[in-house]
2 protein chains.
Amino acid sequence: MANAQIIAIGSEMLTPEKVDTNSLFLTRELNNLGIAVAGKRVVGDTREEIAEAIQQCLARAEVVIVSGGLGPTEDDLTRDGAALALGRELRFHEEVLAGIAARLRKFNRTMTERNRRQAFILEGARVLANPNGTAPGQVIETGGKLLFLLPGPPRELEPMVREHCVPIWSGFFPPRVLRTFTFRIARMPESEVDERAAPIYTKFTNPETTILAAAGDITLQFRAVAETEDEASRLLAAVADPIRNELGPRIYSEDGSSLESTLARHLLARGQTMAVAESCTAGMLASRLAGVPGVSKVFLGGFVVYTNEMKVKLTGVDATLIEQHSAVSEEVALALAAETRDRTGADFAVSITGYAGPDGGTTKDPIGTAYVGIATPDRLFAERLSFPGDRERIRRFTTQWALDILRVEVLRFPALPACGDLQ
Amino acid sequence: MANAQIIAIGSEMLTPEKVDTNSLFLTRELNNLGIAVAGKRVVGDTREEIAEAIQQCLARAEVVIVSGGLGPTEDDLTRDGAALALGRELRFHEEVLAGIAARLRKFNRTMTERNRRQAFILEGARVLANPNGTAPGQVIETGGKLLFLLPGPPRELEPMVREHCVPIWSGFFPPRVLRTFTFRIARMPESEVDERAAPIYTKFTNPETTILAAAGDITLQFRAVAETEDEASRLLAAVADPIRNELGPRIYSEDGSSLESTLARHLLARGQTMAVAESCTAGMLASRLAGVPGVSKVFLGGFVVYTNEMKVKLTGVDATLIEQHSAVSEEVALALAAETRDRTGADFAVSITGYAGPDGGTTKDPIGTAYVGIATPDRLFAERLSFPGDRERIRRFTTQWALDILRVEVLRFPALPACGDLQ
């Protein structure tokens, strides 16, 4: 498999405000042809640093792509850096300057002395036309490798890549198919997912496996490179099948879908609805559900009962229950879920009550403790949970657990034959 | 001025989906001490490539910061890469493992064999405690330069940088006074803020001015470098005072506080409370408020009324009102706010009803239209809003407007002499 390195030139990308995004577009286009990106970097507007980066990257990869620093100003130094790196001259091209002049005339702008800088091309390089700006791109073959100099603005770079670079890449490298497959897993720490999956995936270098971890939400991604679609599918199945057997029902989606949209689809497939009552998460669970387009077919709404008074007033939980057991208790979680199911008429209700910190908590139930109550058409139960982290993270963890506990519960009911789509 | 290089480790950041953002936070913290970032890179999970990147960066900069790759899994190779780069051994630290074990026990998780990996420390390195995760950081002085290995997750990296790295950097490099001042502005587009503020701030190069834009939330930040605190304050006032006069009451905070915590403080200062009823935003407003520690003193809770049925059932809005005017209307927004104030007993109630898309909308009220209803101790009114963008962005915009409309309304009431703190 061929490797690429991407270099973004520009001191503004070394400030706290701006990030290089051209590399994301370039990575997508390269991956489509089975070319992996092995590294990327941001370099300031300094000739020596640009030259050093190009040399270091050419030592590592078959394709090196430099974006930015091709403008007309004095701190546009990519051309000079590349010349220094390769030990080649820059040659003035009269016809390139004529093209720049024609473009500027078209927009009633005058050419300045500075624009001449943009007509200097590396000795032996091919010019890549830029219909969307004055800076032409350049490509040069050096030691069996390809070095591209591309303009920085995405609206100039992107068309140039599609029109010129992609055909060059596909001619230079044997065509490959790159396919990915994804498992998403809730309620299992990254270390446990890895301990169970690593003995399987480490046997394979193709597909390559990546683990991404968010709060209670682990993504396992497999990336296979092959000569045909069929071979890619076979390669992916070789690692995905045994991992599916190992992790079983903790895997909630195999198509990249979020936990909330997976739950919504399971409810829709059963013609069922849900509602919520949230204390410490105070709408975060509802808001996550509402992020799924079309979710109003299965999600009705519910209560934000942030204070004890609201738990009594809005959902009708018995005040003495709160006095006896405290608001953060199994008893109150159960009552909140049951009352919410009752008052909304939903098939399923979820309740959340807990201590997100920084205040609150008891010896028995310290900060990070939450109770999730679930009311279904045929039962009522609660789970006690315990999470590390700050307020935001505890709330996020709790909604994640609540969604996944309900997902497993909904799957106990049979799906209906035809139920339509969320949208 | 000292230079830093930043290396982010992780193959996931070499995919088309994910970009390194830790470097933005690191750059801000480094710049605060007058240390410039001269370059940054992303390297995959390969020991040799990590080692090479560290060597190349140490050759260029006084501080090299590596983030990520300190987890417990087999593809966490930063420790090994650094050892290879420096030609030093990794040493197992029993007390580091004991700390990891204690942390896992606290959250009822079992330590696995893999966690031992995280207790290996570079010979001669100092351990940086990680109260938010299992991976400790490391710092080592080598050839008069500093190499840091930091965990990848921002909620682990950021506190570690603030607590440990910043003091080390300030001890290592000659101190300068760098001070910032911030205005936050709601309900005004970035272009308008800039049009009104630029004629003032462009007159100054010190302080430097930065504009950050989120949905309906603009931050103007001024950064002054000086030899003394007094001089920094004078420099900041020279630009901030005229901009305050220009933007007036659209500035909602001058200490970096979020809009929701500003609103909460205004309510607390008046001994007043609030509640919500949300349709399209479905808990997002409530959840934003609940993100403020101690907010239960002023925020009671409310209703998520995602379907029409729930608007009638939970808040008691007249069903014929919805039939006559549709759920997305001024009339329904007013009724929702009034009923919510009534049922919860809060001093203020906010309601939101709108079309967030991708379905819904009418010719009169297309997707992106929302009505915000406000019920106060002495009046009831609604505003019609209209936003561009996708579902998530429309919902975010709407909550922002609702919070700021209420903020201005709360300020009509006089503050009380003594009212305590949120926490």
# chains A, B, ... in the order shown; residues from 1 in each chain; ligands from 1
$ interface_residues --of "chain B" --to "chain A" --cutoff "7 Å" --atoms "only C-alpha atoms" --output "PyMOL selection string"
chain B and resi 12+14-17+24-25+27-28+37-44+72-73+107+132+281-284+286-287+290-291+293+296+300-307+310+344+358+392
$ write_last_selection --atoms "N, CA and C atoms" --output "tab-separated table (two decimals), in the first residue's frame"
chain	number	residue	atom	x	y	z
B	12	GLU	N	-6.18	7.45	14.27
B	12	GLU	CA	-7.52	7.97	13.97
B	12	GLU	C	-7.45	9.41	13.46
B	14	LEU	N	-5.40	10.38	11.35
B	14	LEU	CA	-4.93	10.31	9.96
B	14	LEU	C	-6.04	9.80	9.06
B	15	THR	N	-7.28	9.79	9.57
B	15	THR	CA	-8.45	9.45	8.77
B	15	THR	C	-9.10	10.75	8.28
B	16	PRO	N	-10.06	10.64	7.35
B	16	PRO	CA	-10.69	11.88	6.87
B	16	PRO	C	-11.66	12.49	7.89
B	17	GLU	N	-11.89	11.82	9.03
B	17	GLU	CA	-12.95	12.26	9.94
B	17	GLU	C	-12.47	13.07	11.12
B	24	LEU	N	-4.58	23.07	19.72
B	24	LEU	CA	-5.11	24.43	19.86
B	24	LEU	C	-5.06	24.88	21.32
B	25	PHE	N	-5.51	23.99	22.20
B	25	PHE	CA	-5.45	24.29	23.64
B	25	PHE	C	-4.00	24.49	24.07
B	27	THR	N	-1.42	25.36	22.30
B	27	THR	CA	-0.88	26.59	21.73
B	27	THR	C	-1.31	27.79	22.55
B	28	ARG	N	-2.58	27.80	22.96
B	28	ARG	CA	-3.07	28.93	23.75
B	28	ARG	C	-2.28	29.03	25.07
B	37	VAL	N	4.53	28.37	19.01
B	37	VAL	CA	4.52	27.03	18.43
B	37	VAL	C	5.07	27.14	17.02
B	38	ALA	N	6.17	26.43	16.76
B	38	ALA	CA	6.86	26.56	15.47
B	38	ALA	C	6.41	25.50	14.49
B	39	GLY	N	5.78	24.45	14.98
B	39	GLY	CA	5.32	23.41	14.06
B	39	GLY	C	4.53	22.38	14.83
B	40	LYS	N	3.68	21.64	14.09
B	40	LYS	CA	2.99	20.53	14.76
B	40	LYS	C	2.78	19.41	13.77
B	41	ARG	N	2.61	18.21	14.30
B	41	ARG	CA	2.39	17.09	13.40
B	41	ARG	C	1.51	16.02	14.02
B	42	VAL	N	0.99	15.18	13.14
B	42	VAL	CA	0.22	14.02	13.57
B	42	VAL	C	0.98	12.80	13.10
B	43	VAL	N	1.16	11.84	14.00
B	43	VAL	CA	1.91	10.62	13.69
B	43	VAL	C	1.03	9.43	14.06
B	44	GLY	N	1.08	8.37	13.27
B	44	GLY	CA	0.29	7.17	13.56
B	44	GLY	C	0.87	6.37	14.71
B	72	PRO	N	-3.77	1.96	27.71
B	72	PRO	CA	-3.30	0.65	28.13
B	72	PRO	C	-3.18	-0.37	26.98
B	73	THR	N	-3.56	0.03	25.74
B	73	THR	CA	-3.67	-1.00	24.70
B	73	THR	C	-2.38	-1.16	23.92
B	107	PHE	N	-13.94	3.06	41.04
B	107	PHE	CA	-15.05	3.02	40.09
B	107	PHE	C	-15.49	1.59	39.79
B	132	ASN	N	-7.73	12.50	36.39
B	132	ASN	CA	-8.91	12.25	35.55
B	132	ASN	C	-8.80	11.03	34.64
B	281	THR	N	-36.35	22.00	20.74
B	281	THR	CA	-35.05	21.91	21.40
B	281	THR	C	-35.02	20.78	22.42
B	282	ALA	N	-36.20	20.33	22.85
B	282	ALA	CA	-36.36	19.08	23.61
B	282	ALA	C	-35.32	18.84	24.70
B	283	GLY	N	-35.15	19.79	25.58
B	283	GLY	CA	-34.25	19.54	26.71
B	283	GLY	C	-32.88	20.19	26.56
B	284	MET	N	-32.58	20.72	25.38
B	284	MET	CA	-31.25	21.31	25.19
B	284	MET	C	-31.08	22.56	26.06
B	286	ALA	N	-32.70	23.22	28.92
B	286	ALA	CA	-32.62	22.74	30.30
B	286	ALA	C	-31.24	22.16	30.57
B	287	SER	N	-30.75	21.39	29.63
B	287	SER	CA	-29.47	20.72	29.81
B	287	SER	C	-28.32	21.73	29.87
B	290	ALA	N	-28.44	23.17	33.27
B	290	ALA	CA	-27.98	22.21	34.28
B	290	ALA	C	-26.48	22.00	34.23
B	291	GLY	N	-25.82	22.48	33.17
B	291	GLY	CA	-24.37	22.42	33.11
B	291	GLY	C	-23.69	23.39	34.07
B	293	PRO	N	-22.82	24.55	37.63
B	293	PRO	CA	-22.83	24.02	39.00
B	293	PRO	C	-23.64	24.91	39.93
B	296	SER	N	-29.37	24.63	40.71
B	296	SER	CA	-30.66	24.22	41.28
B	296	SER	C	-31.24	25.30	42.19
B	300	LEU	N	-35.64	25.31	38.19
B	300	LEU	CA	-36.48	24.27	38.80
B	300	LEU	C	-36.61	23.04	37.92
B	301	GLY	N	-36.80	23.23	36.62
B	301	GLY	CA	-37.04	22.11	35.71
B	301	GLY	C	-38.09	22.52	34.69
B	302	GLY	N	-38.91	21.56	34.26
B	302	GLY	CA	-39.96	21.90	33.31
B	302	GLY	C	-40.37	20.73	32.46
B	303	PHE	N	-40.77	21.04	31.21
B	303	PHE	CA	-41.39	20.03	30.37
B	303	PHE	C	-40.68	19.88	29.03
B	304	VAL	N	-40.54	18.62	28.59
B	304	VAL	CA	-40.15	18.37	27.21
B	304	VAL	C	-41.41	17.92	26.50
B	305	VAL	N	-41.93	18.78	25.61
B	305	VAL	CA	-43.22	18.51	24.96
B	305	VAL	C	-42.97	18.36	23.46
B	306	TYR	N	-42.38	17.20	23.11
B	306	TYR	CA	-41.92	17.04	21.74
B	306	TYR	C	-43.09	16.84	20.78
B	307	THR	N	-44.14	16.20	21.23
B	307	THR	CA	-45.31	15.99	20.36
B	307	THR	C	-46.45	16.92	20.80
B	310	MET	N	-48.27	15.80	23.93
B	310	MET	CA	-47.60	16.12	25.20
B	310	MET	C	-47.83	17.57	25.61
B	344	THR	N	-45.25	25.21	37.47
B	344	THR	CA	-44.02	24.99	38.23
B	344	THR	C	-43.91	25.96	39.40
B	358	PRO	N	-35.20	17.94	9.52
B	358	PRO	CA	-35.32	18.23	8.10
B	358	PRO	C	-36.77	18.22	7.59
B	392	GLU	N	-29.19	20.54	14.25
B	392	GLU	CA	-28.43	20.77	15.47
B	392	GLU	C	-28.17	22.27	15.66
$ calpha_fit_rmsd --fixed "chain A" --moving "chain B"
6.8 Å
$ residues_around --residues "Glu141 of chain A" --least-positions-apart "5" --cutoff "9 Å" --atoms "only C-alpha atoms" --output "VMD selection string"
chain A and resid 124 to 125 146 to 148
$ select_by_dssp --residues "segment 8-126 of chain B" --states "strand (DSSP E or B)" --output "list in words"
Ala8, Ile9, Ala36, Val37, Ala38, Gly39, Lys40, Arg41, Val42, Val43, Val63, Val64, Ile65, Val66, Ser67, Leu90, Arg91, Phe92, Phe120, Ile121, Leu122 and Arg126 of chain B
$ write_last_selection --atoms "C-alpha atoms" --output "compact mmCIF listing (two decimals), in the first residue's frame"
# COMPACT_ATOMS: atom_id res chain seq x y z
CA ALA B 8 -0.34 14.32 18.28
CA ILE B 9 -0.20 10.52 18.27
CA ALA B 36 5.53 30.23 20.19
CA VAL B 37 4.52 27.03 18.43
CA ALA B 38 6.86 26.56 15.47
CA GLY B 39 5.32 23.41 14.06
CA LYS B 40 2.99 20.53 14.76
CA ARG B 41 2.39 17.09 13.40
CA VAL B 42 0.22 14.02 13.57
CA VAL B 43 1.91 10.62 13.69
CA VAL B 63 9.81 22.26 24.26
CA VAL B 64 8.34 19.17 22.59
CA ILE B 65 4.87 18.08 23.64
CA VAL B 66 3.50 14.68 22.65
CA SER B 67 -0.19 13.97 23.26
CA LEU B 90 11.34 2.35 30.43
CA ARG B 91 11.19 1.51 34.14
CA PHE B 92 8.24 -0.09 35.87
CA PHE B 120 6.24 2.26 32.74
CA ILE B 121 8.09 5.57 33.01
CA LEU B 122 11.10 6.85 31.06
CA ARG B 126 9.16 12.96 36.36
$ atom_distance --atom1 "atom CA of Ala333 of chain B" --atom2 "atom CA of Gly373 of chain B"
4.8 Å
$ atom_distance --atom1 "atom CA of Pro242 of chain B" --atom2 "atom CA of Ala269 of chain B"
27.8 Å
$ select_by_dssp --residues "segment 82-127 of chain A" --states "alpha helix (DSSP H)" --output "PyMOL selection string"
chain A and resi 82-86+94-106
$ closest_residue --among "A:Pro175, A:Gly248, A:Gly87, A:Gly361" --to "Asn32 of chain A" --atoms "only C-alpha atoms"
A:Pro175
$ decode --residues "segment 1-21 of chain A" --atoms "N, CA and C atoms" --output "mmCIF file, in the first residue's frame"
data_model
loop_
_atom_site.group_PDB
_atom_site.id
_atom_site.type_symbol
_atom_site.label_atom_id
_atom_site.label_comp_id
_atom_site.auth_asym_id
_atom_site.auth_seq_id
_atom_site.Cartn_x
_atom_site.Cartn_y
_atom_site.Cartn_z
ATOM 1 N N MET A 1 0.839 -1.198 0.000
ATOM 2 C CA MET A 1 0.000 0.000 0.000
ATOM 3 C C MET A 1 0.880 1.257 0.000
ATOM 4 N N ALA A 2 0.537 2.189 -0.861
ATOM 5 C CA ALA A 2 1.325 3.420 -0.938
ATOM 6 C C ALA A 2 0.983 4.338 0.240
ATOM 7 N N ASN A 3 1.980 5.119 0.656
ATOM 8 C CA ASN A 3 1.818 6.048 1.762
ATOM 9 C C ASN A 3 1.951 7.489 1.295
ATOM 10 N N ALA A 4 1.173 8.376 1.930
ATOM 11 C CA ALA A 4 1.292 9.806 1.648
ATOM 12 C C ALA A 4 1.628 10.556 2.933
ATOM 13 N N GLN A 5 2.276 11.693 2.788
ATOM 14 C CA GLN A 5 2.487 12.628 3.886
ATOM 15 C C GLN A 5 1.933 13.974 3.424
ATOM 16 N N ILE A 6 1.280 14.682 4.334
ATOM 17 C CA ILE A 6 0.657 15.962 3.991
ATOM 18 C C ILE A 6 1.293 17.069 4.826
ATOM 19 N N ILE A 7 1.662 18.150 4.159
ATOM 20 C CA ILE A 7 2.270 19.293 4.852
ATOM 21 C C ILE A 7 1.423 20.533 4.586
ATOM 22 N N ALA A 8 0.917 21.167 5.638
ATOM 23 C CA ALA A 8 0.188 22.430 5.483
ATOM 24 C C ALA A 8 1.125 23.565 5.852
ATOM 25 N N ILE A 9 1.244 24.550 4.963
ATOM 26 C CA ILE A 9 2.149 25.676 5.209
ATOM 27 C C ILE A 9 1.347 26.896 5.627
ATOM 28 N N GLY A 10 1.729 27.539 6.718
ATOM 29 C CA GLY A 10 1.054 28.779 7.098
ATOM 30 C C GLY A 10 1.105 29.025 8.591
ATOM 31 N N SER A 11 1.699 30.155 8.983
ATOM 32 C CA SER A 11 1.842 30.455 10.411
ATOM 33 C C SER A 11 0.487 30.615 11.090
ATOM 34 N N GLU A 12 -0.560 30.972 10.329
ATOM 35 C CA GLU A 12 -1.865 31.151 10.985
ATOM 36 C C GLU A 12 -2.373 29.827 11.548
ATOM 37 N N MET A 13 -1.897 28.694 11.001
ATOM 38 C CA MET A 13 -2.326 27.396 11.539
ATOM 39 C C MET A 13 -1.494 26.976 12.752
ATOM 40 N N LEU A 14 -0.630 27.862 13.196
ATOM 41 C CA LEU A 14 0.128 27.618 14.430
ATOM 42 C C LEU A 14 -0.347 28.541 15.554
ATOM 43 N N THR A 15 -1.530 29.147 15.375
ATOM 44 C CA THR A 15 -2.169 29.951 16.422
ATOM 45 C C THR A 15 -3.208 29.077 17.135
ATOM 46 N N PRO A 16 -3.752 29.561 18.256
ATOM 47 C CA PRO A 16 -4.754 28.742 18.960
ATOM 48 C C PRO A 16 -6.110 28.699 18.263
ATOM 49 N N GLU A 17 -6.280 29.460 17.178
ATOM 50 C CA GLU A 17 -7.622 29.596 16.599
ATOM 51 C C GLU A 17 -7.867 28.758 15.357
ATOM 52 N N LYS A 18 -6.810 28.388 14.637
ATOM 53 C CA LYS A 18 -7.042 27.843 13.303
ATOM 54 C C LYS A 18 -6.412 26.473 13.151
ATOM 55 N N VAL A 19 -7.154 25.575 12.553
ATOM 56 C CA VAL A 19 -6.666 24.228 12.365
ATOM 57 C C VAL A 19 -6.621 23.947 10.867
ATOM 58 N N ASP A 20 -5.698 23.099 10.424
ATOM 59 C CA ASP A 20 -5.628 22.719 9.021
ATOM 60 C C ASP A 20 -6.764 21.758 8.704
ATOM 61 N N THR A 21 -7.586 22.072 7.700
ATOM 62 C CA THR A 21 -8.660 21.144 7.328
ATOM 63 C C THR A 21 -8.475 20.586 5.927
#
